[in-house]
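**Q** Below you'll find work-v4.txt; it's compact mmCIF, C-alpha atoms and all ligand atoms.
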# COMPACT_ATOMS: atom_id res chain seq x y z
CA MET Q 299 -52.14 -4.14 63.43
CA LEU Q 300 -49.37 -6.44 64.62
CA LEU Q 301 -49.67 -7.80 68.15
CA LYS Q 302 -46.34 -9.19 69.34
CA ALA Q 303 -46.11 -11.56 72.32
CA CYS Q 304 -43.29 -10.86 74.78
CA LEU Q 305 -43.03 -14.20 76.48
CA ASN Q 306 -40.59 -13.86 79.38
CA GLY Q 307 -38.42 -10.73 79.51
CA ALA Q 308 -35.80 -10.51 82.20
CA ARG Q 309 -38.02 -12.02 84.87
CA ALA Q 310 -36.79 -14.85 87.04
CA ALA Q 311 -38.25 -18.26 86.31
CA THR Q 312 -39.94 -18.12 89.71
CA ALA Q 313 -41.70 -14.80 88.98
CA HIS Q 314 -44.79 -16.47 87.54
CA PRO Q 315 -45.88 -20.11 87.27
CA CYS Q 316 -46.43 -19.77 83.50
CA LEU Q 317 -43.21 -17.92 82.69
CA PRO Q 318 -41.27 -19.84 79.98
CA VAL Q 319 -37.50 -20.18 80.29
CA THR Q 320 -36.34 -23.27 78.41
CA PRO Q 321 -36.55 -23.52 74.61
CA GLU Q 322 -39.28 -26.13 75.01
CA ALA Q 323 -41.37 -23.90 77.28
CA LEU Q 324 -40.84 -20.88 75.02
CA ALA Q 325 -42.02 -22.95 72.05
CA ARG Q 326 -45.09 -24.17 73.93
CA GLU Q 327 -46.11 -20.66 75.01
CA ALA Q 328 -45.35 -19.24 71.58
CA ALA Q 329 -47.67 -21.79 69.97
CA ALA Q 330 -50.46 -20.89 72.40
CA CYS Q 331 -50.03 -17.17 71.76
CA HIS Q 332 -49.87 -17.68 68.00
CA ALA Q 333 -53.12 -19.64 68.15
CA ALA Q 334 -54.59 -16.63 69.96
CA GLY Q 335 -53.47 -14.21 67.25
CA ALA Q 336 -49.85 -13.33 68.02
CA GLY Q 337 -47.97 -12.42 64.86
CA ALA Q 338 -44.43 -12.13 66.22
CA PHE Q 339 -42.46 -13.00 69.35
CA HIS Q 340 -39.92 -11.22 71.50
CA VAL Q 341 -38.00 -13.44 73.92
CA HIS Q 342 -35.04 -13.35 76.28
CA PRO Q 343 -33.22 -16.68 75.70
CA ARG Q 344 -31.65 -18.30 78.76
CA ASP Q 345 -28.66 -20.50 79.51
CA ALA Q 346 -28.82 -23.90 81.19
CA ARG Q 347 -29.14 -22.22 84.61
CA GLY Q 348 -32.06 -20.07 83.49
CA ALA Q 349 -30.02 -16.83 83.33
CA GLU Q 350 -30.42 -14.44 80.41
CA SER Q 351 -27.88 -15.17 77.70
CA LEU Q 352 -26.42 -13.66 74.55
CA HIS Q 353 -24.40 -16.77 73.72
CA THR Q 354 -24.93 -17.99 70.17
CA ALA Q 355 -25.91 -21.51 71.21
CA ASP Q 356 -28.60 -20.26 73.62
CA ILE Q 357 -29.98 -17.78 71.08
CA GLY Q 358 -30.09 -20.45 68.39
CA ALA Q 359 -31.73 -23.08 70.61
CA ALA Q 360 -34.58 -20.74 71.57
CA VAL Q 361 -35.16 -19.52 68.01
CA VAL Q 362 -35.12 -23.03 66.52
CA ALA Q 363 -37.60 -24.32 69.10
CA ILE Q 364 -40.02 -21.44 68.54
CA ARG Q 365 -39.72 -21.69 64.76
CA ARG Q 366 -40.53 -25.40 64.86
CA ALA Q 367 -43.65 -24.65 66.90
CA CYS Q 368 -44.67 -21.63 64.83
CA PRO Q 369 -43.26 -21.85 61.29
CA GLY Q 370 -43.07 -18.53 59.51
CA VAL Q 371 -43.76 -16.37 62.58
CA PRO Q 372 -40.96 -13.81 63.13
CA VAL Q 373 -38.87 -14.26 66.28
CA GLY Q 374 -36.91 -11.49 67.99
CA VAL Q 375 -34.56 -11.36 70.96
CA SER Q 376 -33.24 -8.81 73.42
CA THR Q 377 -29.77 -7.23 73.41
CA GLY Q 378 -30.18 -5.54 76.82
CA ALA Q 379 -26.94 -4.08 78.17
CA TRP Q 380 -27.57 -5.48 81.65
CA MET Q 381 -26.69 -8.94 80.30
CA LEU Q 382 -23.15 -7.88 79.36
CA PRO Q 383 -22.39 -4.22 80.17
CA ASP Q 384 -19.06 -4.04 78.31
CA VAL Q 385 -20.08 -2.71 74.89
CA GLU Q 386 -17.31 -4.33 72.85
CA ALA Q 387 -17.78 -7.71 74.54
CA ARG Q 388 -21.53 -7.52 73.91
CA ARG Q 389 -21.04 -6.40 70.32
CA ALA Q 390 -18.63 -9.29 69.66
CA ARG Q 391 -21.04 -11.80 71.15
CA ILE Q 392 -23.89 -10.48 68.99
CA ALA Q 393 -21.66 -10.44 65.89
CA ALA Q 394 -21.26 -14.20 66.36
CA TRP Q 395 -24.99 -14.63 65.69
CA ALA Q 396 -24.11 -14.19 62.00
CA THR Q 397 -22.68 -17.73 62.13
CA LEU Q 398 -26.08 -19.20 63.00
CA SER Q 399 -27.85 -21.11 60.26
CA SER Q 400 -30.89 -19.40 58.79
CA ASP Q 401 -33.30 -21.48 60.89
CA ALA Q 402 -31.54 -20.50 64.12
CA ARG Q 403 -30.81 -16.81 63.48
CA PRO Q 404 -33.31 -14.33 64.97
CA ASP Q 405 -35.42 -12.35 62.54
CA PHE Q 406 -34.86 -9.20 64.59
CA ALA Q 407 -33.48 -7.91 67.88
CA SER Q 408 -34.37 -4.94 70.06
CA VAL Q 409 -31.76 -2.27 70.82
CA ASN Q 410 -32.33 0.23 73.63
CA LEU Q 411 -31.27 3.68 72.41
CA SER Q 412 -30.67 4.84 75.98
CA GLU Q 413 -27.85 2.31 76.38
CA SER Q 414 -24.24 3.15 75.73
CA GLY Q 415 -22.90 1.78 72.45
CA TRP Q 416 -26.36 1.19 71.00
CA ALA Q 417 -25.38 2.29 67.47
CA SER Q 418 -22.53 -0.23 67.24
CA ILE Q 419 -24.90 -2.96 68.44
CA ALA Q 420 -27.50 -1.94 65.84
CA ASP Q 421 -24.88 -1.80 63.07
CA THR Q 422 -23.66 -5.26 64.05
CA LEU Q 423 -27.17 -6.68 63.87
CA LEU Q 424 -27.82 -5.21 60.42
CA ASP Q 425 -24.46 -6.50 59.19
CA ALA Q 426 -25.45 -9.97 60.47
CA GLY Q 427 -28.70 -9.87 58.51
CA ILE Q 428 -30.83 -9.39 61.63
CA GLY Q 429 -33.54 -6.72 61.75
CA VAL Q 430 -33.30 -3.90 64.27
CA GLU Q 431 -36.08 -2.75 66.56
CA ALA Q 432 -35.00 0.68 67.83
CA GLY Q 433 -36.18 0.99 71.42
CA VAL Q 434 -37.24 4.55 72.32
CA TRP Q 435 -37.84 4.96 76.05
CA PHE Q 436 -37.36 8.71 76.51
CA PRO Q 437 -37.74 11.86 74.35
CA GLU Q 438 -33.95 12.23 74.20
CA ASP Q 439 -33.78 8.88 72.39
CA VAL Q 440 -35.53 10.40 69.35
CA PRO Q 441 -32.64 12.64 68.19
CA ARG Q 442 -30.28 9.74 68.85
CA LEU Q 443 -32.26 7.62 66.43
CA VAL Q 444 -32.45 10.18 63.63
CA SER Q 445 -28.73 10.92 63.93
CA TRP Q 446 -27.93 7.27 63.18
CA PRO Q 447 -27.12 7.02 59.46
CA ARG Q 448 -28.98 3.71 59.16
CA ALA Q 449 -32.17 4.79 60.95
CA SER Q 450 -34.27 4.23 57.84
CA ALA Q 451 -33.10 0.60 57.80
CA CYS Q 452 -34.82 -0.18 61.11
CA LEU Q 453 -37.45 -2.88 60.99
CA ARG Q 454 -39.58 -0.78 63.34
CA VAL Q 455 -39.34 1.67 66.23
CA LEU Q 456 -40.46 0.52 69.67
CA VAL Q 457 -42.26 3.20 71.68
CA GLU Q 458 -41.62 1.88 75.20
CA THR Q 459 -43.37 3.79 77.96
CA GLN Q 460 -41.93 3.58 81.47
CA ALA Q 461 -44.64 5.03 83.71
CA PRO Q 462 -46.39 2.52 85.98
CA GLU Q 463 -49.65 4.51 86.03
CA PRO Q 464 -52.09 4.07 83.11
CA GLU Q 465 -52.78 7.73 82.45
CA ALA Q 466 -49.13 8.79 82.66
CA ALA Q 467 -48.07 5.86 80.47
CA CYS Q 468 -50.54 6.81 77.75
CA GLN Q 469 -49.34 10.42 77.90
CA GLN Q 470 -45.77 9.19 77.49
CA ALA Q 471 -46.85 7.15 74.47
CA ARG Q 472 -48.45 10.21 72.90
CA THR Q 473 -45.38 12.38 73.60
CA LEU Q 474 -42.98 9.85 72.08
CA VAL Q 475 -45.20 9.17 69.06
CA ASP Q 476 -45.53 12.90 68.39
CA ALA Q 477 -41.76 13.41 68.70
CA LEU Q 478 -41.11 10.57 66.27
CA GLY Q 479 -43.75 11.92 63.88
CA ALA Q 480 -42.00 15.28 63.83
CA THR Q 481 -38.79 13.66 62.54
CA GLY Q 482 -40.35 12.42 59.30
CA LEU Q 483 -38.82 8.99 59.85
CA GLN Q 484 -41.13 6.59 58.07
CA ARG Q 485 -40.79 3.37 60.02
CA PRO Q 486 -43.60 1.37 61.68
CA LEU Q 487 -44.17 2.11 65.36
CA LEU Q 488 -44.91 -0.58 67.94
CA VAL Q 489 -46.23 0.93 71.17
CA HIS Q 490 -46.26 -0.84 74.54
CA GLY Q 491 -46.32 -0.16 78.26
CA ASP Q 492 -44.84 -1.71 81.35
CA GLU Q 493 -46.39 -3.16 84.52
CA GLY Q 494 -49.30 -0.95 85.64
CA GLY Q 495 -49.23 0.94 82.33
CA ALA Q 496 -49.20 -2.13 80.08
CA TRP Q 497 -52.92 -2.73 79.52
CA ALA Q 498 -53.79 0.95 79.16
CA VAL Q 499 -51.06 1.49 76.58
CA LEU Q 500 -52.15 -1.64 74.70
CA ALA Q 501 -55.67 -0.18 74.48
CA TRP Q 502 -54.24 3.22 73.48
CA ALA Q 503 -52.17 1.62 70.71
CA ARG Q 504 -55.18 -0.27 69.43
CA GLN Q 505 -57.32 2.87 69.52
CA HIS Q 506 -54.79 4.81 67.48
CA GLY Q 507 -53.92 2.02 65.05
CA PHE Q 508 -50.37 1.25 66.13
CA ASP Q 509 -48.73 -2.14 66.42
CA ALA Q 510 -48.47 -3.30 70.03
CA ARG Q 511 -47.22 -6.02 72.32
CA ILE Q 512 -48.27 -7.75 75.52
CA GLY Q 513 -47.02 -10.66 77.60
CA LEU Q 514 -45.27 -11.63 80.79
CA GLU Q 515 -42.31 -9.34 80.08
CA ASP Q 516 -44.56 -6.30 80.28
CA THR Q 517 -46.97 -7.36 82.99
CA SER Q 518 -47.87 -10.38 85.07
CA CYS Q 519 -51.24 -8.88 86.02
CA PHE Q 520 -54.67 -9.11 84.52
CA ARG Q 521 -56.07 -5.93 83.09
CA THR Q 522 -56.37 -3.49 85.97
CA ASP Q 523 -59.53 -1.85 84.61
CA VAL Q 524 -61.57 -5.06 84.89
CA PRO Q 525 -62.08 -6.96 88.17
CA PRO Q 526 -60.45 -10.42 87.89
CA ARG Q 527 -63.75 -12.29 88.37
CA THR Q 528 -65.32 -10.53 85.42
CA THR Q 529 -62.27 -10.50 83.15
CA PRO Q 530 -63.37 -12.26 79.96
CA ARG Q 531 -61.37 -15.26 78.84
CA SER Q 532 -61.16 -13.60 75.47
CA TRP Q 533 -60.34 -10.00 74.70
CA PRO Q 534 -61.56 -8.78 71.32
CA MET Q 535 -58.92 -6.92 69.31
CA ARG Q 536 -60.67 -6.52 65.98
CA GLY Q 537 -63.74 -8.72 65.77
CA PRO Q 538 -64.33 -12.38 66.49
CA ARG Q 539 -61.49 -13.69 64.34
CA HIS Q 540 -58.87 -11.83 66.36
CA ARG Q 541 -59.08 -12.59 70.04
CA ILE Q 542 -56.24 -12.80 72.49
CA HIS Q 543 -57.92 -15.29 74.77
CA ARG Q 544 -54.88 -17.45 75.48
CA VAL Q 545 -52.72 -14.43 76.25
CA ASP Q 546 -55.32 -13.20 78.73
CA ALA Q 547 -55.84 -16.65 80.17
CA ARG Q 548 -52.15 -17.08 80.87
CA LEU Q 549 -51.64 -13.82 82.67
CA GLY Q 550 -51.72 -14.38 86.37
CA PRO Q 551 -54.08 -12.98 88.99
CA ALA Q 552 -53.62 -9.44 90.19
CA ASP Q 553 -51.85 -10.56 93.34
CA ALA Q 554 -49.22 -12.42 91.29
CA ARG Q 555 -47.58 -9.16 90.24
CA ASP Q 556 -43.82 -9.04 90.34
CA SER Q 557 -42.17 -5.71 89.81
CA ALA Q 558 -38.90 -7.30 88.69
CA ALA Q 559 -40.11 -8.73 85.41
CA ARG Q 560 -41.54 -7.99 81.85
CA ALA Q 561 -43.25 -9.97 78.65
CA ASP Q 562 -43.83 -9.64 74.61
CA PRO Q 563 -46.11 -9.68 71.35
CA ALA Q 564 -48.90 -11.20 68.89
CA THR Q 565 -50.46 -10.06 65.30
CA VAL Q 566 -53.79 -8.77 64.27
CA THR Q 567 -54.54 -7.75 60.73
CA GLY Q 568 -55.04 -4.12 59.88
CA ARG Q 569 -53.02 -1.12 58.88
CA THR Q 570 -49.67 -0.36 60.36
CA ARG Q 571 -49.17 3.22 61.47
CA THR Q 572 -45.84 4.94 61.01
CA ALA Q 573 -44.49 8.02 62.64
CA VAL Q 574 -45.56 10.27 59.81
CA SER Q 575 -48.87 8.61 59.00
CA ARG Q 576 -50.46 9.31 62.36
CA ALA Q 577 -53.34 11.69 62.02
ZN ZN J 1 -37.43 -7.74 76.24
Would you mind writing the structure in this file as structure tokens?
**A**
Amino acid sequence: MLLKACLNGARAATAHPCLPVTPEALAREAAACHAAGAGAFHVHPRDARGAESLHTADIGAAVVAIRRACPGVPVGVSTGAWMLPDVEARRARIAAWATLSSDARPDFASVNLSESGWASIADTLLDAGIGVEAGVWFPEDVPRLVSWPRASACLRVLVETQAPEPEAACQQARTLVDALGATGLQRPLLVHGDEGGAWAVLAWARQHGFDARIGLEDTSCFRTDVPPRTTPRSWPMRGPRHRIHRVDARLGPADARDSAARADPATVTGRTRTAVSRA
């Protein structure tokens, strides 16, 4: 099971005292999460003002810093349409990532299938030698994915629940996983929640053997099913060798919640479930 750390998301630098924005801060937090078991990272690189950026120099600076801190750990970035809504302008900016040297080019990037022009963004990433994480938010994203001629070339499919309530978020995860399983597409699934649904979906993913992610992009709260005073400093994922203590320790108190932001992943050994392998 891969646990990916989502370090900052779209949140403002002021959203949480531990939220990393600069390449140096991203590298520091990545190293801490990797020491806790994270096996991959998803980040939203920023410009000099702290705003989200798709510019080649900003992407490269963040990736290089994280790679120096965590050699060999895959690094991914966002391509969210909110950063540059014009599809062709965004596609051209992402195409320029192909000019990055191998140490500065992201290993993969997430593409939201509910966004206009997603297929051209995904094609551009593959042509640049960057892996694609296909982001499925809603059931209608599933037929979009299978209609893409290069769907089988995806690195993985992200099952991204939107409900803020734990029970509803887990039901969304099950619905999306079942829909993907019915397609026969054999790509690994990484399942995660958002805000109030984040911890419940992480537990659901673990229970069912899927890859998962957690971090300040997804939630700035401690687990909601455990009172803060009794929340352990370590959270066992698969025995004593795989504990996400630093991830837990760096999530803020329940009253630090900020509905405007999200976070990413870490890795734990074990089998990787795909859409068709789910029992
Ligand atoms: Zn993100």
**Q** Distance CA of Gly415 (chain Q)-CA of Thr377 (chain Q), one decimal place?
**A**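 The value is 11.4 Å.
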**Q** Pick out the closest residue to ligand ZN 1 (chain J) from this set: Q:Ala510, Q:Ala420, Q:Ala407, Q:Ile364. Count all atoms listed in the file.
**A**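 That would be Q:Ala407, the residue with the smallest distance to ligand ZN 1 (chain J).
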**Q** Rank Q:Ala390, Q:Val373, Q:Cys316, Q:Ala308 by their smallest atom-to-atom distance to Ala360 (chain Q), using only C-alpha atoms, and report the top residue only.
**A**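 Of Q:Ala390, Q:Val373, Q:Cys316, Q:Ala308, the one nearest Ala360 (chain Q) is Q:Val373, counting only C-alpha atoms.
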**Q** Tell me which of Q:Val499, Q:Ala394, Q:Ile512, Q:Leu483 sits closest to ligand ZN 1 (chain J), counting all atoms listed in the file.
**A**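 Nearest candidate to ligand ZN 1 (chain J) out of Q:Val499, Q:Ala394, Q:Ile512, Q:Leu483: Q:Ile512.
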**Q** Produce a table with one row for each residue of chain Q that has an atom at most 9 Å from any atom of ligand ZN 1 (chain J), each row naming the nearest atom pair and its distance in Å at one decimal; use all atoms listed in the file; arrange rows by chain and rising residue number; format as JSON lines.
**A**
{"residue": "Q:Cys304", "atom": "CA", "partner": "J:ZN1", "partner_atom": "ZN", "distance": 6.8}
{"residue": "Q:Leu305", "atom": "CA", "partner": "J:ZN1", "partner_atom": "ZN", "distance": 8.6}
{"residue": "Q:Asn306", "atom": "CA", "partner": "J:ZN1", "partner_atom": "ZN", "distance": 7.6}
{"residue": "Q:Gly307", "atom": "CA", "partner": "J:ZN1", "partner_atom": "ZN", "distance": 4.5}
{"residue": "Q:Ala308", "atom": "CA", "partner": "J:ZN1", "partner_atom": "ZN", "distance": 6.8}
{"residue": "Q:His340", "atom": "CA", "partner": "J:ZN1", "partner_atom": "ZN", "distance": 6.4}
{"residue": "Q:Val341", "atom": "CA", "partner": "J:ZN1", "partner_atom": "ZN", "distance": 6.2}
{"residue": "Q:His342", "atom": "CA", "partner": "J:ZN1", "partner_atom": "ZN", "distance": 6.1}
{"residue": "Q:Val375", "atom": "CA", "partner": "J:ZN1", "partner_atom": "ZN", "distance": 7.0}
{"residue": "Q:Ser376", "atom": "CA", "partner": "J:ZN1", "partner_atom": "ZN", "distance": 5.2}
{"residue": "Q:Thr377", "atom": "CA", "partner": "J:ZN1", "partner_atom": "ZN", "distance": 8.2}
{"residue": "Q:Gly378", "atom": "CA", "partner": "J:ZN1", "partner_atom": "ZN", "distance": 7.6}
{"residue": "Q:Ser408", "atom": "CA", "partner": "J:ZN1", "partner_atom": "ZN", "distance": 7.4}
{"residue": "Q:Glu515", "atom": "CA", "partner": "J:ZN1", "partner_atom": "ZN", "distance": 6.4}
{"residue": "Q:Asp516", "atom": "CA", "partner": "J:ZN1", "partner_atom": "ZN", "distance": 8.3}
{"residue": "Q:Arg560", "atom": "CA", "partner": "J:ZN1", "partner_atom": "ZN", "distance": 7.0}
{"residue": "Q:Ala561", "atom": "CA", "partner": "J:ZN1", "partner_atom": "ZN", "distance": 6.7}
{"residue": "Q:Asp562", "atom": "CA", "partner": "J:ZN1", "partner_atom": "ZN", "distance": 6.9}
**Q** Please, what distance in Å, to one decimal, runs between CA of Met299 (chain Q) and CA of Ala471 (chain Q)?
**A**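 Straight-line distance from CA of Met299 (chain Q) to CA of Ala471 (chain Q) works out to 16.7 Å.
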**Q** Which residues, written as an MDAnalysis selection string, have at least one atom at most 12 Å from Pro464 (chain Q), with all atoms listed in the file counted and residues fewer than 5 positions away on the same chain left out?
**A** chainID Q and resid 459 469:471 490:502 521:523
**Q** Could you pull the residues within 10 Å of region 320-332 of chain Q, counting only C-alpha atoms, minus those fewer than 4 positions along the same chain, as a PyMOL selection string?
**A** chain Q and resi 301-306+311+316+336-348+356-369+371+373+513+542-546+548+563-565
**Q** Nearest residue to Pro318 (chain Q) out of Q:Cys468, Q:Ala426, Q:Val489, Q:Leu514, using all atoms listed in the file?
**A**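 Checking each of Q:Cys468, Q:Ala426, Q:Val489, Q:Leu514 against Pro318 (chain Q), counting all atoms listed in the file, the winner is Q:Leu514.
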**Q** Have a look at CA of Ala451 (chain Q) and CA of Gln484 (chain Q) and let me know their distance in Å, one decimal.
**A**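 Between CA of Ala451 (chain Q) and CA of Gln484 (chain Q) the gap works out to 10.0 Å.
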**Q** Name all residues at most 8 Å from Ala417 (chain Q) (count all atoms listed in the file; drop same-chain ones fewer than 4 positions away) and give them as a PyMOL selection string.
**A** chain Q and resi 411+421+446
**Q** Report as a Markdown table the residues of region 457-510 of chain Q within 8 Å of region 429-434 of chain Q, each with its shortest atom pair and distance in Å (one decimal), using all atoms listed in the file, ordered by chain and increasing residue number.
**A**
| residue | atom | partner | partner_atom | distance |
| --- | --- | --- | --- | --- |
| Q:Val457 | CA | Q:Val434 | CA | 5.2 |
| Q:Glu458 | CA | Q:Val434 | CA | 5.9 |
| Q:Leu474 | CA | Q:Val434 | CA | 7.8 |
**Q** Between Q:Thr422, Q:His353, Q:Ser412, Q:Arg403, which has the minimum distance to Arg389 (chain Q) (counting all atoms listed in the file)?
**A**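 Of the candidates, the smallest distance to Arg389 (chain Q) is held by Q:Thr422.
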**Q** What's around Ser445 (chain Q) at 12 Å? Count only C-alpha atoms, leave out sequence neighbours fewer than 4 positions away in its own chain, and write the answer as a ChimeraX atom specification.
**A** /Q:411,417,438-441,449-450,481,483
**Q** Which residues are near Ile428 (chain Q)? Cut-off 6 Å, all atoms listed in the file, ignore same chain within fewer than 3 positions. Put them as a list of chain:residue names.
**A**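 These residues fall inside the cut-off: Q:Asp405, Q:Phe406, Q:Leu423, Q:Leu424.
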